[in-house]
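Written below as structure tokens is the structure these notes are about.
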Amino acid sequence: VDQDTSVRFSPSRLDTYRSCPRKYRFRYVDKLKVDAQSMEAFLGTCVHSAFERLYEDLMHGRKPKLADVLETFEKEWADGFSDKIVIRGDRYSAKDWKDLGRQCVEAYYEAHKPFERDKTVAVERQVGFDLEVEGHHYQIQGYVDRLSLAPDGTFEVHDYKTSGSLPTQADKEKDWQLPIYEIAVRRAWPDAAKVKLIWHFVRFGKSITVEKTPEQLDEVKAEIARVISAIKADHEFVPKKSALCDWCEYRDLCPLFKHPERIAALAPEARRQDEGVKLADQYASLELRKKQLREQIKQLEREQDGLGEELAKFAEAWGLQVVAGSEGEVAVSEKEDYKFPTKTHDLEKLEELEALLKDTPLWKDVSRLDGHLLMEGYKKKKWAGALLELVESAIGRYVRRIKEKTLRFRRRKEPEEE
Ligand code: SF4
């Protein structure tokens, strides 16, 4: 896979990478077009269009009636609805979803009329700013649903959500989409004294407002820089499984779901004939046998340990070091061994011991390089500057890159087990 060469990043694009690098690759690097759209996304688009029209009219001094706003919603729905809109589950029909959209528009309109609390400055406005990351210049851009001015001169960044769950205040304090827009707003209007970030969860008639400190906005910029660096260095775009996979439009391409999805759509006989199914079934049956044998071996070891104790007692009682059997003999010996503290068993003692030896000439004789720790520190960028360069060059010169496949069998849960 080629690296991502883009210079423009939106909050949703950065979020996509954070939630799943593979989805990011499908959407932004491979630029795969997907016809299907989830009903949730379609509903959001229709509600957004109705609000866009509403506020555009208000900006032009016209106060549209609720019926006009609903008409925009209906038109958007009629123009955009097709069999490419995917409804998950069979509990709610397209009509249910449409009714829900109408209710969202209606409830919002009733709660905010006569729309005199603020002055809309822009709707669906593109905002952005430049950011330098590791010597390269990037543009951070996005579209603000609505930007308004309160009577006291506060800029308000509004975002309309039709999601079916209401996040907590703490969730939104961590969200970076609107803070990114705030950075852009403050660059565009440097005299803005106060900026409020407001998410409207229209299904619940609830708004969540957040205000950021300059330090928090600096942290948002630092996080953007971190994500852009990670994107630029990524060649693998490893899929990241999460609850979001249920909504992912690339499931039939994703290495985690491609085969299971295809197999689930087959008739039982065709499924059994599938090459992958056959191999996975053989693998699973060997896995099961290994598990049974491991249990048998454990049981045998327990029996042998018990017998060993009896044998040792017998040898001791008779002063023997060899006990003869009919097909061989058992040697009974005793030796002294040492148990050192380890990271998992008594870390404190291990650290004390290390501290004792570290400043002595003994240390170079008894300590060893921990390659695992070196690689882990390198991957997590634990060091910076000359130290990081040294580690990089050492890895480049001495560490061989290999690709190893790991196979792990996971038994599928039956519905009643879930
Ligand atoms: S299905 Fe999940 S893991 Fe696969 S690309 Fe989509 S979000 Fe990523």
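By order of appearance in the structure tokens: chains A, B, ..., then residues from 1 within every chain, and ligands from 1 in the order shown.
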Counting only C-alpha atoms and all ligand atoms, which protein, DNA or RNA residues come within 12 Å of ligand 1, given as a VMD selection string? chain A and resid 15 to 27 32 237 to 261
Using backbone DSSP assignments, extract all strand (DSSP E) residues from segment 36-222 of chain A; output them as JSON, numbers by chain. {"A": [37, 38, 85, 86, 119, 120, 121, 122, 123, 124, 125, 126, 127, 128, 129, 130, 131, 132, 133, 136, 137, 138, 139, 140, 141, 142, 143, 144, 145, 146, 147, 148, 149, 155, 156, 157, 158, 159, 160, 161, 195, 196, 197, 198, 199, 200, 201, 206, 207, 208, 209, 210]}
Taking into account only C-alpha atoms, which residue in the set A:Asp57, A:Asp346, A:Glu40, A:Glu376 is nearest to Ile395 of chain A?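 Residue with the minimum atom-to-atom distance to Ile395 of chain A: A:Glu376.
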With distances taken over only C-alpha atoms, which of A:Val47, A:Ile183, A:Gly328, A:Leu353 is nearest to Phe340 of chain A?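 Looking only at the distances to Phe340 of chain A, the closest residue turns out to be A:Leu353.
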Tell me which protein, DNA and RNA residues are within 9 Å of segment 135-144 of chain A, counting only C-alpha atoms, leaving out same-chain ones fewer than 3 positions away, and put them as a list of chain:residue names.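 These residues fall inside the cut-off: A:Ser6, A:Val7, A:Arg8, A:Phe9, A:Ser10, A:Pro11, A:Ser12, A:Ala122, A:Val123, A:Glu124, A:Arg125, A:Gln126, A:Val127, A:Gly128, A:Phe129, A:Asp130, A:Leu131, A:Glu132, A:Leu147, A:Val157, A:His158, A:Asp159, A:Gln177, A:Leu178, A:Ile180, A:Tyr181, A:Ala184, A:Ile224, A:Ile228.
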Go ahead and write the residues just picked, N, CA and C atoms, as a PDB file, in the first residue's frame.
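Here's the written file again.pdb:
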```pdb
ATOM      1  N   SER A   6      -1.913  12.887   0.976  1.00  0.00           N
ATOM      2  CA  SER A   6      -2.781  14.072   1.048  1.00  0.00           C
ATOM      3  C   SER A   6      -2.196  15.169   1.932  1.00  0.00           C
ATOM      4  N   VAL A   7      -2.650  16.380   1.654  1.00  0.00           N
ATOM      5  CA  VAL A   7      -2.238  17.511   2.493  1.00  0.00           C
ATOM      6  C   VAL A   7      -3.441  18.132   3.192  1.00  0.00           C
ATOM      7  N   ARG A   8      -4.640  17.629   2.842  1.00  0.00           N
ATOM      8  CA  ARG A   8      -5.856  18.190   3.432  1.00  0.00           C
ATOM      9  C   ARG A   8      -6.530  17.166   4.342  1.00  0.00           C
ATOM     10  N   PHE A   9      -6.875  17.582   5.526  1.00  0.00           N
ATOM     11  CA  PHE A   9      -7.511  16.659   6.472  1.00  0.00           C
ATOM     12  C   PHE A   9      -8.713  17.320   7.131  1.00  0.00           C
ATOM     13  N   SER A  10      -9.797  16.563   7.204  1.00  0.00           N
ATOM     14  CA  SER A  10     -10.989  17.076   7.899  1.00  0.00           C
ATOM     15  C   SER A  10     -11.094  16.320   9.226  1.00  0.00           C
ATOM     16  N   PRO A  11     -11.886  16.863  10.168  1.00  0.00           N
ATOM     17  CA  PRO A  11     -12.051  16.133  11.438  1.00  0.00           C
ATOM     18  C   PRO A  11     -12.574  14.714  11.211  1.00  0.00           C
ATOM     19  N   SER A  12     -13.538  14.565  10.280  1.00  0.00           N
ATOM     20  CA  SER A  12     -14.104  13.215  10.127  1.00  0.00           C
ATOM     21  C   SER A  12     -13.055  12.277   9.527  1.00  0.00           C
ATOM     22  N   ALA A 122     -23.312  31.971   9.166  1.00  0.00           N
ATOM     23  CA  ALA A 122     -23.080  31.096   8.004  1.00  0.00           C
ATOM     24  C   ALA A 122     -23.687  29.725   8.252  1.00  0.00           C
ATOM     25  N   VAL A 123     -24.100  29.074   7.152  1.00  0.00           N
ATOM     26  CA  VAL A 123     -24.525  27.671   7.263  1.00  0.00           C
ATOM     27  C   VAL A 123     -23.688  26.850   6.293  1.00  0.00           C
ATOM     28  N   GLU A 124     -23.363  25.642   6.731  1.00  0.00           N
ATOM     29  CA  GLU A 124     -22.522  24.742   5.915  1.00  0.00           C
ATOM     30  C   GLU A 124     -21.294  25.483   5.388  1.00  0.00           C
ATOM     31  N   ARG A 125     -20.626  26.172   6.274  1.00  0.00           N
ATOM     32  CA  ARG A 125     -19.490  26.976   5.840  1.00  0.00           C
ATOM     33  C   ARG A 125     -18.179  26.190   5.996  1.00  0.00           C
ATOM     34  N   GLN A 126     -17.347  26.291   4.964  1.00  0.00           N
ATOM     35  CA  GLN A 126     -16.046  25.636   5.064  1.00  0.00           C
ATOM     36  C   GLN A 126     -15.111  26.504   5.903  1.00  0.00           C
ATOM     37  N   VAL A 127     -14.499  25.897   6.887  1.00  0.00           N
ATOM     38  CA  VAL A 127     -13.531  26.623   7.710  1.00  0.00           C
ATOM     39  C   VAL A 127     -12.271  25.768   7.791  1.00  0.00           C
ATOM     40  N   GLY A 128     -11.157  26.400   8.110  1.00  0.00           N
ATOM     41  CA  GLY A 128      -9.931  25.612   8.202  1.00  0.00           C
ATOM     42  C   GLY A 128      -8.752  26.430   8.651  1.00  0.00           C
ATOM     43  N   PHE A 129      -7.640  25.751   8.816  1.00  0.00           N
ATOM     44  CA  PHE A 129      -6.396  26.431   9.173  1.00  0.00           C
ATOM     45  C   PHE A 129      -5.218  25.557   8.732  1.00  0.00           C
ATOM     46  N   ASP A 130      -4.036  26.188   8.673  1.00  0.00           N
ATOM     47  CA  ASP A 130      -2.835  25.440   8.277  1.00  0.00           C
ATOM     48  C   ASP A 130      -2.127  24.922   9.518  1.00  0.00           C
ATOM     49  N   LEU A 131      -1.507  23.798   9.367  1.00  0.00           N
ATOM     50  CA  LEU A 131      -0.776  23.223  10.504  1.00  0.00           C
ATOM     51  C   LEU A 131       0.520  22.607   9.983  1.00  0.00           C
ATOM     52  N   GLU A 132       1.610  22.904  10.672  1.00  0.00           N
ATOM     53  CA  GLU A 132       2.888  22.321  10.260  1.00  0.00           C
ATOM     54  C   GLU A 132       3.155  21.079  11.107  1.00  0.00           C
ATOM     55  N   LEU A 147     -22.888  28.628  11.988  1.00  0.00           N
ATOM     56  CA  LEU A 147     -22.086  29.524  12.820  1.00  0.00           C
ATOM     57  C   LEU A 147     -22.971  30.708  13.156  1.00  0.00           C
ATOM     58  N   VAL A 157     -20.592  27.689  17.522  1.00  0.00           N
ATOM     59  CA  VAL A 157     -20.417  26.698  16.458  1.00  0.00           C
ATOM     60  C   VAL A 157     -21.451  25.600  16.714  1.00  0.00           C
ATOM     61  N   HIS A 158     -22.398  25.438  15.797  1.00  0.00           N
ATOM     62  CA  HIS A 158     -23.485  24.462  16.013  1.00  0.00           C
ATOM     63  C   HIS A 158     -23.282  23.214  15.149  1.00  0.00           C
ATOM     64  N   ASP A 159     -23.612  22.094  15.752  1.00  0.00           N
ATOM     65  CA  ASP A 159     -23.545  20.853  14.994  1.00  0.00           C
ATOM     66  C   ASP A 159     -24.819  20.066  15.277  1.00  0.00           C
ATOM     67  N   GLN A 177     -14.029  17.418  17.061  1.00  0.00           N
ATOM     68  CA  GLN A 177     -14.525  17.995  15.801  1.00  0.00           C
ATOM     69  C   GLN A 177     -14.802  19.492  15.940  1.00  0.00           C
ATOM     70  N   LEU A 178     -15.644  19.877  16.903  1.00  0.00           N
ATOM     71  CA  LEU A 178     -15.964  21.293  17.040  1.00  0.00           C
ATOM     72  C   LEU A 178     -14.781  22.112  17.559  1.00  0.00           C
ATOM     73  N   ILE A 180     -11.819  21.719  16.656  1.00  0.00           N
ATOM     74  CA  ILE A 180     -11.041  21.983  15.431  1.00  0.00           C
ATOM     75  C   ILE A 180     -11.661  23.181  14.703  1.00  0.00           C
ATOM     76  N   TYR A 181     -12.999  23.211  14.659  1.00  0.00           N
ATOM     77  CA  TYR A 181     -13.659  24.355  14.010  1.00  0.00           C
ATOM     78  C   TYR A 181     -13.416  25.638  14.801  1.00  0.00           C
ATOM     79  N   ALA A 184     -10.290  27.217  13.785  1.00  0.00           N
ATOM     80  CA  ALA A 184     -10.467  27.903  12.499  1.00  0.00           C
ATOM     81  C   ALA A 184     -11.214  29.225  12.679  1.00  0.00           C
ATOM     82  N   ILE A 224      -3.904  16.431  16.566  1.00  0.00           N
ATOM     83  CA  ILE A 224      -4.034  16.370  15.095  1.00  0.00           C
ATOM     84  C   ILE A 224      -2.663  16.020  14.503  1.00  0.00           C
ATOM     85  N   ILE A 228      -1.787  12.865  12.159  1.00  0.00           N
ATOM     86  CA  ILE A 228      -1.252  13.038  10.793  1.00  0.00           C
ATOM     87  C   ILE A 228       0.092  12.311  10.665  1.00  0.00           C
TER      88      ILE A 228
END
```
Given only C-alpha atoms as the basis, pick out the residue of A:Lys174, A:Ala315, A:Lys232, A:Arg13 nearest to Glu219 of chain A.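 Looking only at the distances to Glu219 of chain A, the closest residue turns out to be A:Lys174.
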At a cut-off of 12 Å, can you tabulate as JSON lines every residue of segment 104-148 of chain A near segment 58-75 of chain A together with its closest atom pair and the distance in Å to one decimal, using only C-alpha atoms and ordering rows by chain then number?
```
{"residue": "A:Cys104", "atom": "CA", "partner": "A:Leu70", "partner_atom": "CA", "distance": 10.1}
{"residue": "A:Val105", "atom": "CA", "partner": "A:Leu70", "partner_atom": "CA", "distance": 6.9}
{"residue": "A:Glu106", "atom": "CA", "partner": "A:Leu66", "partner_atom": "CA", "distance": 6.9}
{"residue": "A:Ala107", "atom": "CA", "partner": "A:Leu66", "partner_atom": "CA", "distance": 10.0}
{"residue": "A:Tyr108", "atom": "CA", "partner": "A:Leu66", "partner_atom": "CA", "distance": 9.9}
{"residue": "A:Tyr109", "atom": "CA", "partner": "A:Leu66", "partner_atom": "CA", "distance": 6.7}
{"residue": "A:Glu110", "atom": "CA", "partner": "A:Leu66", "partner_atom": "CA", "distance": 8.2}
{"residue": "A:Ala111", "atom": "CA", "partner": "A:Leu66", "partner_atom": "CA", "distance": 11.5}
{"residue": "A:His112", "atom": "CA", "partner": "A:Leu66", "partner_atom": "CA", "distance": 11.2}
{"residue": "A:Lys113", "atom": "CA", "partner": "A:Lys63", "partner_atom": "CA", "distance": 9.3}
{"residue": "A:Pro114", "atom": "CA", "partner": "A:Lys63", "partner_atom": "CA", "distance": 8.0}
{"residue": "A:Phe115", "atom": "CA", "partner": "A:Leu58", "partner_atom": "CA", "distance": 8.1}
{"residue": "A:Glu116", "atom": "CA", "partner": "A:Leu58", "partner_atom": "CA", "distance": 9.6}
{"residue": "A:Asp118", "atom": "CA", "partner": "A:Leu58", "partner_atom": "CA", "distance": 10.8}
{"residue": "A:Lys119", "atom": "CA", "partner": "A:Met59", "partner_atom": "CA", "distance": 7.8}
{"residue": "A:Thr120", "atom": "CA", "partner": "A:Met59", "partner_atom": "CA", "distance": 6.2}
{"residue": "A:Val121", "atom": "CA", "partner": "A:Met59", "partner_atom": "CA", "distance": 7.5}
{"residue": "A:Ala122", "atom": "CA", "partner": "A:Met59", "partner_atom": "CA", "distance": 8.2}
{"residue": "A:Val123", "atom": "CA", "partner": "A:Met59", "partner_atom": "CA", "distance": 9.3}
{"residue": "A:Arg146", "atom": "CA", "partner": "A:Met59", "partner_atom": "CA", "distance": 11.3}
{"residue": "A:Leu147", "atom": "CA", "partner": "A:Met59", "partner_atom": "CA", "distance": 11.4}
{"residue": "A:Ser148", "atom": "CA", "partner": "A:Met59", "partner_atom": "CA", "distance": 10.4}
```
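Coordinates place atom CA of Arg88 of chain A at a distance of 26.2 Å from atom CA of Val277 of chain A.
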Run DSSP on the backbone and give me the residues of segment 183-323 of chain A it puts in helix (DSSP H, G or I), as a PyMOL selection string. chain A and resi 183-188+214-233+243-247+258-264+268-273+275-318
How would the residues just picked look written out with C-alpha atoms as a compact mmCIF listing (two decimals), in the first residue's frame?
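Dumped everything to selection_18.txt:
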```
# COMPACT_ATOMS: atom_id res chain seq x y z
CA ILE A 183 -9.39 26.97 16.04
CA ALA A 184 -10.47 27.90 12.50
CA VAL A 185 -13.06 30.41 13.74
CA ARG A 186 -10.51 32.08 16.01
CA ARG A 187 -8.06 32.36 13.10
CA ALA A 188 -10.76 33.90 10.89
CA PRO A 214 -6.41 27.99 24.86
CA GLU A 215 -4.37 25.12 26.39
CA GLN A 216 -7.03 22.60 25.42
CA LEU A 217 -7.03 23.93 21.86
CA ASP A 218 -3.22 23.57 21.78
CA GLU A 219 -3.66 19.96 22.89
CA VAL A 220 -6.18 19.42 20.04
CA LYS A 221 -3.56 20.75 17.58
CA ALA A 222 -0.94 18.45 19.09
CA GLU A 223 -3.32 15.48 18.75
CA ILE A 224 -4.03 16.37 15.10
CA ALA A 225 -0.27 16.45 14.51
CA ARG A 226 0.10 13.04 16.15
CA VAL A 227 -2.64 11.50 14.02
CA ILE A 228 -1.25 13.04 10.79
CA SER A 229 2.25 11.71 11.63
CA ALA A 230 0.78 8.26 12.23
CA ILE A 231 -1.13 8.38 8.92
CA LYS A 232 1.97 9.48 7.01
CA ALA A 233 4.07 6.67 8.51
CA ALA A 243 -18.74 -1.67 17.58
CA LEU A 244 -18.48 0.66 14.54
CA CYS A 245 -17.87 -2.35 12.29
CA ASP A 246 -21.64 -2.98 12.31
CA TRP A 247 -22.11 0.27 10.35
CA LYS A 258 -15.01 -10.46 3.89
CA HIS A 259 -15.08 -14.26 4.15
CA PRO A 260 -17.60 -14.59 7.02
CA GLU A 261 -20.00 -12.26 5.18
CA ARG A 262 -19.70 -14.18 1.92
CA ILE A 263 -20.13 -17.54 3.65
CA ALA A 264 -23.15 -16.36 5.65
CA PRO A 268 -25.61 -24.75 3.69
CA GLU A 269 -24.31 -27.13 1.00
CA ALA A 270 -22.39 -24.44 -0.88
CA ARG A 271 -21.00 -23.27 2.45
CA ARG A 272 -19.64 -26.74 3.26
CA GLN A 273 -17.98 -26.89 -0.17
CA GLU A 275 -12.35 -24.12 0.34
CA GLY A 276 -11.92 -21.71 3.26
CA VAL A 277 -14.71 -23.35 5.29
CA LYS A 278 -13.12 -26.78 4.79
CA LEU A 279 -9.69 -25.55 5.89
CA ALA A 280 -11.09 -23.64 8.88
CA ASP A 281 -13.13 -26.71 9.94
CA GLN A 282 -10.07 -28.97 9.76
CA TYR A 283 -8.10 -26.39 11.72
CA ALA A 284 -10.85 -26.21 14.33
CA SER A 285 -11.03 -29.99 14.72
CA LEU A 286 -7.23 -30.20 15.22
CA GLU A 287 -7.50 -27.36 17.72
CA LEU A 288 -10.13 -29.32 19.62
CA ARG A 289 -8.02 -32.49 19.63
CA LYS A 290 -5.00 -30.51 20.85
CA LYS A 291 -7.10 -29.10 23.66
CA GLN A 292 -8.33 -32.57 24.65
CA LEU A 293 -4.79 -33.94 24.57
CA ARG A 294 -3.48 -31.00 26.61
CA GLU A 295 -6.11 -31.78 29.22
CA GLN A 296 -5.11 -35.46 29.19
CA ILE A 297 -1.44 -34.52 29.55
CA LYS A 298 -2.25 -32.26 32.48
CA GLN A 299 -4.16 -35.09 34.13
CA LEU A 300 -1.26 -37.49 33.51
CA GLU A 301 1.18 -34.95 34.94
CA ARG A 302 -0.94 -34.63 38.07
CA GLU A 303 -0.99 -38.43 38.45
CA GLN A 304 2.74 -38.67 37.81
CA ASP A 305 3.49 -35.90 40.35
CA GLY A 306 1.51 -37.84 42.99
CA LEU A 307 3.35 -41.04 42.15
CA GLY A 308 6.67 -39.17 42.12
CA GLU A 309 6.11 -38.07 45.69
CA GLU A 310 5.44 -41.68 46.73
CA LEU A 311 8.54 -42.85 44.85
CA ALA A 312 10.71 -40.16 46.47
CA LYS A 313 9.45 -41.21 49.90
CA PHE A 314 10.12 -44.82 49.11
CA ALA A 315 13.68 -43.99 47.92
CA GLU A 316 14.35 -41.92 51.00
CA ALA A 317 13.07 -44.58 53.35
CA TRP A 318 15.32 -47.21 51.76
```
For atom CA of Lys405 of chain A and atom CA of Asp30 of chain A, the interatomic separation in Å (one decimal): 24.5 Å
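Rounded to one decimal, atom CA of Leu197 of chain A and atom CA of Arg117 of chain A lie 15.6 Å from each other.
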